[in-house]
Each structure stands twice: as structure tokens, then as C-alpha cells.
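A short write-up of the structure that comes next.
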Amino acid sequence: MNSHDYNIFSEQIISTKKIDSGKTLILLETEAQVKDCLSWLDDIDGERKIIALTPFAMHELDKQKVHYKIIEEYYSSEELYKLGINNFKIVEEVCRTIDNSILKTNEKLKEFHITPALFNFYCLKIIYDAITIRLFQLNKLIKCEKPDAIIVYEGKKNPFGTMKNAPYLFFDKKESLYSQLLFLHGWETRIIKKSYIQEYSDDDEGNKETFLINITGIFKKWIISNPLINDFAVILKKNGISSGYNYLKNIIFCDKKTPVIIFGPGYNWDDCLDELQNEGLIPRYRISEDFHWLYKSLKSKVLPMKIVWSDLKNNREFNKFFEYDNLNFLPVLESRLQYITEEITSVCILSYDYFARLIADKKIRAVISSTISTPEGHTIAQAAHNAGIPVITWQHGGYGEMDHPILYYTELISSDAHFIFGDGVRKYLEQPAKILGTRLITIGSTSLGKIRNDPVEYEQKSKKVILYITSAILQNYSNISTFPPFEDNRFWKTQKEIINVLGKYKDYDIIVKLHPTNVVRDTPIRSYVAGKGFNNFSFIKQERSIIDLISVADAIIIDFPFTTLLQALTIIKPLFVYLGHIQWDENASYLLGKRAICNNDLTCFKELLDKYLCSGIYDANVNNKEFLINYGTSSLEGSPGMRAARALKQVINEFKFNHSSKHRRV
């Protein structure tokens with residue numbers, strides 16, 4: 001980033017006593033920033049107002065009993081949603097512009113219809129949203145408050161690309177995007193920069209290398225690099241020795257084989273391995289969705305791409321994609337866009353050659369996957385299209401109750417057929433699937449079908465167990481694809497309110513299941529519970545799965561229903577679902593209301609939950625399966641695994657070997 005890209009009004013201060021009187025906004029993101037701010041807050045003359053940007057700042061300010069406002073108070077959800085939906089078209093144009101420049105310099109990419117930027121659409125939409133959301137928020141804040149100065153803490157910048165907690169193009173959870181944007185040139189308000197403070201203790205201790213971890217990693221890489229051994233290992237893990245024996249026998253002796261490639265995590269495919277085998281869908285070559293190709297690309301530069309990026313960066317029309325009012329935010333995204341142009345182009349070329357050879361040498365008849373969101377995934381799909389074989393994806397989580405356009409770019413754009421859980425899912429996918437030439441096939445979910453409804457004893461079953469499954473905040477993974485937009489501070493407010501209801505009842509054991517991801521921080525829920533003195537709570541992150549916990553629970557609470565909702569619906573137990581963070585269609589809400597206690601008003605939801613905990617009143621039918629059938633398991637005869645295997649075989653047999661690539665129309 002060049003020096004002229006920084007805000008000419010920004011300045012580093014040591015003492016806040018240098019700040020003139022007037023109206024000052026203080027933007028806070030972390031607990032450490034709050035504590036430091038309180039040490040100098042009284043030094044500021046004139047009007048001052050604290051704005052909490054994250055749940056972490058909110059929680060610490062509440063503990064310190066300091067008044068504040070949250071950034072979400074300055075705009076409506078409708079305004080933010082409109083911005084996010086408009087970003088789809090903008091990001092498409094960004095991809096198209098980059099790809100057109102790349103294709104002019106590389107005939108091979110043009111010949112094989114490889115478009116590196118479009119192959120990164122999922123990541124680009126997330127990072128473009130993350131930036132424009134914050135610009136929108138800051139503009140709304142400034143226009144409303146009209147401050148004389150804004151104080152913001154300098155953030156830590158982290159590299160990207162291959163590290164565990166910020167894969168591919170994403171921003172790391174420790175970065176402050178607000179500060180990066182406020183230090184850009186173009187703000188008319190005085191921006192005052194406070195020095196970076198260590199925001200929280202490093203929670204990545206588990207990532208430190210040890211001899212044992214290195215050996216395990218080498219062994220894992222060896223398995224992954226040998227697709228048949230990899231598939232055999234998955235079968236042993238999933239289905240046991242007998243299935244492994246049958247797999248080896250069929251590989252050696254079966255005459256009628258239909259080789260396929262499984263790309264990325266298997267999900268539902270891994271729960272019907274025996275059924276696939278019975279239909280002769282072997283051998284299966286697994287291609288792991290890891291950083292293998294990213295590492296290889298670092299050793300193989302595509303030199304003309306440096307010229308491409310230089311031309312793009314200096315192109316006035318290209319720069320317009322990154323303008324917001326008087327600001328140009330290209331400097332914040334520049335390294336990532338350059339990485340796509342130079343490095344990911346190399347990734348696509350290297351991986352395409354490998355995939356094309358594998359398809360030809362092993363006579364592959366189809367590529368199957370759960371979702372395709374990475375450049376490697378779209379590249380293998382394009383290699384399949386160019387070879388005239390089908391690509392089949394399979395829904396891997398709960399969706400279908402609302403419009404969710406990001407799915408068009410991960411489930412449909414590169415697939416010839418997409419397996420869905422139930423006919424209810426079809427409503428919002430049918431039109432884009434038709435445009436993109438993707439066939440929708442109702443199958444159900446093998447993973448949901450394998451969840452057992454047998455009661456399981458909990459280690460401390462002296463009390464009834466209430467399981468509260470919390471949502472993960474987005475932090476720097478901000479994106480807008482549904483209404484209302486996901487907003488971390490509102491998530492946190494919901495969690496606090498639900499915890500307050502649960503905390504009233506000491507006669508229950510409360511298990512709080514945190515999202516297992518490490519790419520974002522957990523909300524301050526542990527600290528909040530400790531501060532309230534609720535001693536009947538326990539927290540589980542990665543120690544036990546949702547499947548284990550719903551089996552031991554007597555009742556389940558979900559504050560953000562997607563995949564966890566479908567998993568909970570397989571168990572015949574009281575279920576409470578808060579719908580305030582999503583907007584489903586009427587049919588989905590109606591069907592869920594037959595089975596679960598659900599409401600989109602937080603006050604009403606708390607009252608219904610309180611009534612159950614107090615008196616055991618549950619005004620829904622735990623045996624009703626209409627929602628689960630429509631959006632999870634389908635009502636078709638036979639098992640989902642059998643349907644999937646037969647449908648896959650049929651798609652392969654019916655597919656026309658026209659040797660033309662699938663047209664991506666976005």
C-alpha cells in the first residue's frame with residue numbers, strides 16, 4: 001500500500017490531552033481497547049460518545065457499566081441487505097474484468113474455459129462484503145453524528161493464503177478492518193489513531209508444531225496423495241472392517257466398475273459408501289480440498305500475470321469497482337486480488353493438468369462433491385466438463401426455506417446435477433438451476449438418516465439436561481446473502497437474553513454448544529455466564545459433536561437454525577427455535593411450528609421458553625415430521641443412500657458425452 005493511500009487527516013497520538021474540545025467518537029472492538037480507553041477517557045474535553053463495534057467491546061463496556069451505542073443503530077437492515085445483494089453483480093463484474101485480462105495472456109486458460117477470478121467468487125463476495133459493510137456503517141455513523149474527530153485503535157494485519165485461521169483470501173479474526181478503512185485517504189473527518197494493543201491471548205497454541213504433529217501430518221498427506229488408500233481409510237472409519245474387506249474384494253474382482261472422483265469433504269457421500277459400492281461406483285479417487293495446490297503454485301510463477309495485475313491496478317474502470325463516496329478501498333483488497341491474478345492462475349493451470357490426466361488415465365465417469373467453492377473445486381469441475389463427464393453436488397446443510405443466492409455459486413454454477421434433501425428446498429433453487437443448466441434431484445440426507453433416536457445417558461444425569469446450540473459470529477467473514485443480514489452484535493444480544501432465561505433455573509444442567517470453528521472468536525458467553533454466577537452451565541466446543549449432545553439432552557434450543565435444526569429434528573424431544581435472525585417463507589415457518597416452539601420475536605420466544613422450563617408446557621408435536629421431510633430427509637421410498645447411488649448411476653448413464661464445457665451464466 002502506498003503512502004498516498006492513507007488518510008491525510010489521520011494522526012498518531014500518545015496523549016489524548018492533545019484532542020481539542022468538540023464532538024469525539026471513540027470506536028472500540030476488543031476488551032483490551034475498552035480497558036485502555038477508560039484509562040484516558042476523562043482527558044477528552046467536549047462531547048464524547050463510545051461506539052461498540054463488536055460483541056467483545058459490548059461485553060466489556062457492560063461489565064464496566066459504561067454507556068455506549070452499537071454501530072447497528074445507525075441504519076436499517078433493509079439498507080444493508082440492499083447493499084449486499086447489489087454486491088453480487090459488482091463482484092461478478094470484478095471477476096469478469098480480471099478473467100478477461102488473464103485470458104488475453106494465456107491461450108491455455110482460454111481454450112479450457114478456466115476463469116481464476118470467477119472460480120474465487122465465494123471468497124471474493126465475502127471479503128468484498130466485509131469491506132463495503134464497514135464503509136456503509138462508518139458513513140452512516142458519521143453522517144448521523146457529525147463528529148469533529150474519530151478515535152480508532154490501530155489493528156494488526158496478518159498475512160493470508162495458507163494459514164489455518166484465515167484460509168485462502170479471507171481476513172484473519174485478529175484484523176481490524178474498521179481501522180484499515182479509516183486510515184485510507186478521503187475521509188473529511190479528523191481520524192485519530194491509537195497504537196495497536198494486544199487484543200487477546202493467542203488461542204492458537206494447538207497450532208504449534210511438534211514432532212508428533214509433524215509425523216501425523218506427513219502420514220495424512222501420504223494417505224491423501226494416494227486416493228484409493230484414502231477412500232479405503234474412510235470406509236474403515238465409517239463402516240468398519242467388513243465394509244473395508246468388501247471394498248478391496250470389489251476393487252480386485254468386480255468386472256463392472258464405474259470410477260468416480262470425490263472432491264473435498266464427503267459429507268452425505270461418505271454416509272452411503274456401501275450403497276455406492278453395490279451399484280459398482282468404484283474405484284473412488286478422493287481429491288482433498290486442502291492447500292496442496294497453493295503450496296505448489298508458490299514454486300511455479302506465471303510471469304505474464306505480473307503485467308496483467310499492473311495493468312488492472314492502473315485501469316480507471318477497474319478502480320471504480322472499489323470506490324465508495326470519496327474513498328478508494330482497493331489498497332485494502334489489493335494483495336488478495338493480485339494473489340488471484342498471479343498465484344491462483346498458476347493453481348488453476350497446475351491442478352487442471354493433474355485433474356485432466358487423472359480423468360483420462362483412470363477413465364473417470366463422474367466427479368461428485370458436496371459443495372464447490374474453491375478454485376481447485378471449480379477447476380476439477382471444468383476438467384470434467386471438458387472431458388464430457390458430469391459433475392454432481394449434494395446439499396450438505398440446512399437451507400431452502402429462504403432465498404440464499406450465494407448457493408448459486410457453490411452448489412449450482414459448476415454442477416450438472418444437484419442432489420437436494422427435500423422438495424421444500426426446490427422452491428428457491430429451481431429458477432437459478434434452470435438458468436445455470438443444473439438438474440435438481442430430490443434425494444434426502446444420508447447423514448441425517450444415520451442419526452439414532454436411542455436415549456443416551458449423560459455423565460451427570462441427576463438433573464434434566466437443556467442443550468443450547470449457539471450460533472457463530474461472523475467477525476471478518478461478513479457476508480450478505482439472506483435477509484435480514486447477519487449482524488454479530490444482534491447475535492450477541494440474543495444469546496445474552498436466552499442465557500438470562502436459562503440462568504433462572506438451577507434445577508437443570510445447561511449445556512452450551514459453541515460452534516466448533518476456530519476462524520472466528522467465540523462470543524463472550526463464557527465470561528457472561530461466569531459474571532452472572534450461573535454455576536449449572538457447561539460449555540462444549542469441539543469435545544463432543546451435536547449428534548452426541550442432542551441424544552443426551554431432554555430439550556434443545558437453537559438461536560440460528562440451519563444444519564443444526566435438521567439434526568435436532570431427527571430426535572423426538574422438545575425443540576425451541578428462535579427465528580429472529582432469518583426470514584423464512586410462510587410454509588417453512590408453518591411446518592416448523594407444528595413440530596417446534598418457534599418465534600421471531602425475542603420477547604415472545606423467551607416467554608415460551610420460560611413457560612416450558614417452569615411448568616413443562618410444550619405446545620407442539622414432537623412426533624411431527626413434515627418439516628424434516630420437506631427440508632431434510634424427503635418422503636421417497638427406500639433409504640437416501642440407495643436413492644443417491646441409483647440416481648448417480650442414472651445421471652452417468654444418461655449424460656451426453658458432447659465434450660463441451662458447462663456454460664456459466666451469472
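Ordering of the C-alpha cells sets the chain letters (A, B, ...), residue numbers begin anew at 1 in every chain, and ligands are numbered from 1 in the order given.
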Which of stretch 283-478 of chain A end up as strand (DSSP E or B) when DSSP is run on this backbone - answer as an MDAnalysis selection string?
chainID A and resid 284:287 323:324 327:328 366:369 391:394 417:420 439:442 464:469
What lies within 10 Å of A:Gln583 using only C-alpha atoms, ignoring chain neighbours under 3 positions off, as a PyMOL selection string?
chain A and resi 401-403+482-485+579-580+586+588-589+600
All residues 10 Å or closer to stretch 48-63 of chain A, only C-alpha atoms, same chain fewer than 3 positions away omitted, as a PyMOL selection string:
chain A and resi 21-35+37-38+41-42+44-45+66-73+134+137+141+145+147+149-151+178+473+475+487-493+496+521-525+527-528+531
Once DSSP has gone over the backbone, tell me which residues of stretch 54-247 of chain A are in alpha helix (DSSP H), as a PDB file with C-alpha atoms, in the first residue's frame.
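Wrote states_17.pdb, looks like this:
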```pdb
ATOM      1  CA  PRO A  55     -19.763  -8.231  20.976  1.00  0.00           C
ATOM      2  CA  PHE A  56     -16.379  -8.202  22.756  1.00  0.00           C
ATOM      3  CA  ALA A  57     -16.489  -4.434  23.231  1.00  0.00           C
ATOM      4  CA  MET A  58     -20.170  -4.589  24.205  1.00  0.00           C
ATOM      5  CA  HIS A  59     -19.500  -7.176  26.895  1.00  0.00           C
ATOM      6  CA  GLU A  60     -16.562  -5.318  28.445  1.00  0.00           C
ATOM      7  CA  LEU A  61     -18.425  -1.990  28.393  1.00  0.00           C
ATOM      8  CA  ASP A  62     -21.393  -3.636  30.112  1.00  0.00           C
ATOM      9  CA  LYS A  63     -19.067  -5.053  32.770  1.00  0.00           C
ATOM     10  CA  SER A  77     -31.475  -3.987   7.933  1.00  0.00           C
ATOM     11  CA  GLU A  78     -33.198  -3.266   4.619  1.00  0.00           C
ATOM     12  CA  GLU A  79     -30.485  -0.763   3.645  1.00  0.00           C
ATOM     13  CA  LEU A  80     -27.690  -3.182   4.458  1.00  0.00           C
ATOM     14  CA  TYR A  81     -29.410  -6.073   2.669  1.00  0.00           C
ATOM     15  CA  LYS A  82     -29.774  -3.990  -0.494  1.00  0.00           C
ATOM     16  CA  LEU A  83     -26.043  -3.266  -0.434  1.00  0.00           C
ATOM     17  CA  GLY A  84     -25.182  -6.951  -0.114  1.00  0.00           C
ATOM     18  CA  ILE A  85     -27.468  -8.059  -2.927  1.00  0.00           C
ATOM     19  CA  ASN A  86     -26.100  -5.344  -5.232  1.00  0.00           C
ATOM     20  CA  ASN A  87     -22.620  -6.627  -4.431  1.00  0.00           C
ATOM     21  CA  PHE A  88     -23.356  -9.874  -6.279  1.00  0.00           C
ATOM     22  CA  LYS A  89     -23.436  -8.026  -9.611  1.00  0.00           C
ATOM     23  CA  ILE A  90     -20.406  -5.922  -8.723  1.00  0.00           C
ATOM     24  CA  VAL A  91     -18.299  -8.937  -7.737  1.00  0.00           C
ATOM     25  CA  GLU A  92     -19.366 -10.714 -10.934  1.00  0.00           C
ATOM     26  CA  GLU A  93     -18.093  -7.730 -12.919  1.00  0.00           C
ATOM     27  CA  VAL A  94     -14.853  -7.677 -10.930  1.00  0.00           C
ATOM     28  CA  CYS A  95     -14.357 -11.372 -11.748  1.00  0.00           C
ATOM     29  CA  ARG A  96     -15.202 -10.852 -15.402  1.00  0.00           C
ATOM     30  CA  THR A  97     -12.768  -7.934 -15.721  1.00  0.00           C
ATOM     31  CA  ILE A  98      -9.903  -9.842 -14.080  1.00  0.00           C
ATOM     32  CA  ASP A  99     -10.566 -13.001 -16.070  1.00  0.00           C
ATOM     33  CA  ASN A 100     -10.760 -11.165 -19.394  1.00  0.00           C
ATOM     34  CA  SER A 101      -7.347  -9.654 -18.708  1.00  0.00           C
ATOM     35  CA  ILE A 102      -5.895 -13.023 -17.713  1.00  0.00           C
ATOM     36  CA  LEU A 103      -7.322 -14.887 -20.711  1.00  0.00           C
ATOM     37  CA  GLU A 107      -4.333 -19.316 -24.557  1.00  0.00           C
ATOM     38  CA  LYS A 108      -4.468 -22.469 -22.459  1.00  0.00           C
ATOM     39  CA  LEU A 109      -6.829 -20.930 -19.929  1.00  0.00           C
ATOM     40  CA  LYS A 110      -8.989 -19.577 -22.739  1.00  0.00           C
ATOM     41  CA  GLU A 111      -9.091 -22.917 -24.542  1.00  0.00           C
ATOM     42  CA  PHE A 121     -16.317 -15.861  -6.385  1.00  0.00           C
ATOM     43  CA  TYR A 122     -17.306 -17.254  -2.963  1.00  0.00           C
ATOM     44  CA  CYS A 123     -14.221 -15.816  -1.240  1.00  0.00           C
ATOM     45  CA  LEU A 124     -14.385 -12.558  -3.185  1.00  0.00           C
ATOM     46  CA  LYS A 125     -18.018 -11.963  -2.234  1.00  0.00           C
ATOM     47  CA  ILE A 126     -17.199 -12.457   1.440  1.00  0.00           C
ATOM     48  CA  ILE A 127     -14.209 -10.103   1.515  1.00  0.00           C
ATOM     49  CA  TYR A 128     -15.920  -7.500  -0.699  1.00  0.00           C
ATOM     50  CA  ASP A 129     -18.939  -7.579   1.608  1.00  0.00           C
ATOM     51  CA  ALA A 130     -16.726  -7.368   4.690  1.00  0.00           C
ATOM     52  CA  ILE A 131     -15.207  -4.120   3.401  1.00  0.00           C
ATOM     53  CA  THR A 132     -18.310  -2.462   1.958  1.00  0.00           C
ATOM     54  CA  ILE A 133     -20.428  -3.323   5.019  1.00  0.00           C
ATOM     55  CA  ARG A 134     -17.983  -1.430   7.223  1.00  0.00           C
ATOM     56  CA  LEU A 135     -17.742   1.502   4.830  1.00  0.00           C
ATOM     57  CA  PHE A 136     -21.533   1.691   4.777  1.00  0.00           C
ATOM     58  CA  GLN A 137     -21.663   1.576   8.594  1.00  0.00           C
ATOM     59  CA  LEU A 138     -18.978   4.232   9.044  1.00  0.00           C
ATOM     60  CA  ASN A 139     -20.631   6.554   6.539  1.00  0.00           C
ATOM     61  CA  LYS A 140     -23.997   6.204   8.276  1.00  0.00           C
ATOM     62  CA  LEU A 141     -22.368   6.828  11.649  1.00  0.00           C
ATOM     63  CA  ILE A 142     -20.516   9.950  10.505  1.00  0.00           C
ATOM     64  CA  LYS A 143     -23.499  11.434   8.681  1.00  0.00           C
ATOM     65  CA  CYS A 144     -25.697  10.944  11.734  1.00  0.00           C
ATOM     66  CA  GLU A 145     -23.289  12.037  14.484  1.00  0.00           C
ATOM     67  CA  LEU A 177     -10.995  -3.793   9.025  1.00  0.00           C
ATOM     68  CA  TYR A 178     -12.536  -0.649  10.517  1.00  0.00           C
ATOM     69  CA  SER A 179      -9.117   0.833  11.280  1.00  0.00           C
ATOM     70  CA  GLN A 180      -7.689  -0.140   7.882  1.00  0.00           C
ATOM     71  CA  LEU A 181     -10.559   1.672   6.190  1.00  0.00           C
ATOM     72  CA  LEU A 182     -10.457   4.744   8.423  1.00  0.00           C
ATOM     73  CA  PHE A 211       7.428 -33.877  16.269  1.00  0.00           C
ATOM     74  CA  LEU A 212       4.247 -35.944  16.728  1.00  0.00           C
ATOM     75  CA  ILE A 213       2.128 -33.423  14.847  1.00  0.00           C
ATOM     76  CA  ASN A 214       4.674 -33.329  12.008  1.00  0.00           C
ATOM     77  CA  ILE A 215       4.726 -37.123  11.724  1.00  0.00           C
ATOM     78  CA  THR A 216       0.916 -37.242  11.772  1.00  0.00           C
ATOM     79  CA  GLY A 217       0.797 -34.546   9.106  1.00  0.00           C
ATOM     80  CA  ILE A 218       3.242 -36.392   6.852  1.00  0.00           C
ATOM     81  CA  PHE A 219       1.242 -39.616   7.210  1.00  0.00           C
ATOM     82  CA  LYS A 220      -2.006 -37.781   6.476  1.00  0.00           C
ATOM     83  CA  LYS A 221      -0.502 -36.178   3.367  1.00  0.00           C
ATOM     84  CA  TRP A 222       0.674 -39.596   2.184  1.00  0.00           C
ATOM     85  CA  ILE A 223      -2.823 -41.025   2.561  1.00  0.00           C
ATOM     86  CA  ILE A 224      -4.388 -38.047   0.772  1.00  0.00           C
ATOM     87  CA  PRO A 227      -6.692 -41.707  -3.499  1.00  0.00           C
ATOM     88  CA  LEU A 228      -7.552 -45.419  -3.247  1.00  0.00           C
ATOM     89  CA  ILE A 229      -5.867 -45.763   0.142  1.00  0.00           C
ATOM     90  CA  ASN A 230      -7.622 -42.584   1.247  1.00  0.00           C
ATOM     91  CA  ASP A 231     -11.001 -43.997   0.222  1.00  0.00           C
ATOM     92  CA  PHE A 232     -10.264 -47.311   1.947  1.00  0.00           C
ATOM     93  CA  ALA A 233      -9.359 -45.432   5.158  1.00  0.00           C
ATOM     94  CA  VAL A 234     -12.653 -43.523   5.061  1.00  0.00           C
ATOM     95  CA  ILE A 235     -14.610 -46.754   4.592  1.00  0.00           C
ATOM     96  CA  LEU A 236     -12.880 -48.391   7.563  1.00  0.00           C
ATOM     97  CA  LYS A 237     -13.564 -45.353   9.723  1.00  0.00           C
ATOM     98  CA  LYS A 238     -17.206 -45.017   8.665  1.00  0.00           C
ATOM     99  CA  ASN A 239     -18.391 -48.598   8.223  1.00  0.00           C
ATOM    100  CA  ILE A 241     -13.694 -53.858   8.753  1.00  0.00           C
ATOM    101  CA  SER A 242     -16.356 -55.838   6.870  1.00  0.00           C
ATOM    102  CA  SER A 243     -17.088 -52.919   4.534  1.00  0.00           C
ATOM    103  CA  GLY A 244     -13.370 -52.409   4.031  1.00  0.00           C
ATOM    104  CA  TYR A 245     -12.972 -56.075   3.103  1.00  0.00           C
ATOM    105  CA  ASN A 246     -15.838 -55.886   0.595  1.00  0.00           C
ATOM    106  CA  TYR A 247     -14.365 -52.737  -0.913  1.00  0.00           C
TER     107      TYR A 247
END
```
Please list as a compact mmCIF listing (two decimals) with N, CA and C atoms, in the first residue's frame every residue within 8 Å of A:Thr446, counting only C-alpha atoms and excluding residues in the same chain fewer than 2 positions away.
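Once everything was written out, this is out-v3.txt:
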```txt
# COMPACT_ATOMS: atom_id res chain seq x y z
N ASN A 268 -22.51 -36.27 2.97
CA ASN A 268 -23.52 -37.29 2.70
C ASN A 268 -23.00 -38.43 1.82
N TRP A 269 -22.06 -38.13 0.93
CA TRP A 269 -21.48 -39.19 0.10
C TRP A 269 -20.79 -40.24 0.98
N ASP A 271 -21.62 -41.19 3.83
CA ASP A 271 -22.59 -41.99 4.58
C ASP A 271 -23.38 -42.93 3.68
N CYS A 272 -22.96 -43.10 2.43
CA CYS A 272 -23.62 -44.10 1.57
C CYS A 272 -22.57 -44.85 0.74
N GLY A 444 -32.76 -36.60 -0.31
CA GLY A 444 -32.74 -36.71 1.15
C GLY A 444 -31.31 -36.60 1.64
N LEU A 448 -28.37 -37.37 7.93
CA LEU A 448 -29.48 -37.25 8.87
C LEU A 448 -30.11 -38.62 9.14
N GLY A 449 -30.15 -39.44 8.11
CA GLY A 449 -30.76 -40.77 8.26
C GLY A 449 -30.00 -41.67 9.21
N LYS A 450 -28.72 -41.38 9.44
CA LYS A 450 -27.91 -42.23 10.31
C LYS A 450 -27.95 -41.82 11.79
N THR A 633 -35.13 -35.04 4.88
CA THR A 633 -34.97 -36.46 4.57
C THR A 633 -35.77 -36.93 3.37
N SER A 639 -33.99 -45.94 1.26
CA SER A 639 -33.05 -45.11 2.01
C SER A 639 -32.46 -44.04 1.11
N PRO A 640 -32.07 -42.88 1.69
CA PRO A 640 -31.41 -41.85 0.88
C PRO A 640 -30.14 -42.36 0.20
N GLY A 641 -29.39 -43.25 0.88
CA GLY A 641 -28.18 -43.79 0.29
C GLY A 641 -28.46 -44.58 -0.97
```
Surrounding residues of A:Ile389 excluding itself and chain neighbours under 6 positions, 8 Å, only C-alpha atoms, as a PyMOL selection string
chain A and resi 364-367+652+655+657
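Taking only C-alpha atoms into account, A:Thr105 lies nearest to A:Lys306 out of the set A:Lys306, A:Lys65, A:His385, A:Lys146.
Candidate residues A:Ile191, A:Lys157, A:Asn535, A:Ala644 were compared for distance to A:Asp274, and the nearest is A:Ala644, using only C-alpha atoms.
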Show which residues sit within 12 Å of A:Phe605, as a PyMOL selection string. Count only C-alpha atoms, and ignore same-chain residues fewer than 5 positions away.
chain A and resi 494+497-498+501+557-559+575-580+596-600+610-612
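Interatomic distance, atom CA of A:Trp187 against atom CA of A:Asn319: 17.8 Å.
Interatomic distance, atom CA of A:Ile466 against atom CA of A:Ile547: 14.4 Å.
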Which is closest to A:Pro516 among A:Glu543, A:Glu637, A:Asp148, A:Asp353, if we use only C-alpha atoms?
A:Glu543
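Between A:Gly593 and the residues A:Lys625, A:His418, A:Lys427, A:Arg316, the shortest atom-to-atom distance, using only C-alpha atoms, involves A:Lys625.
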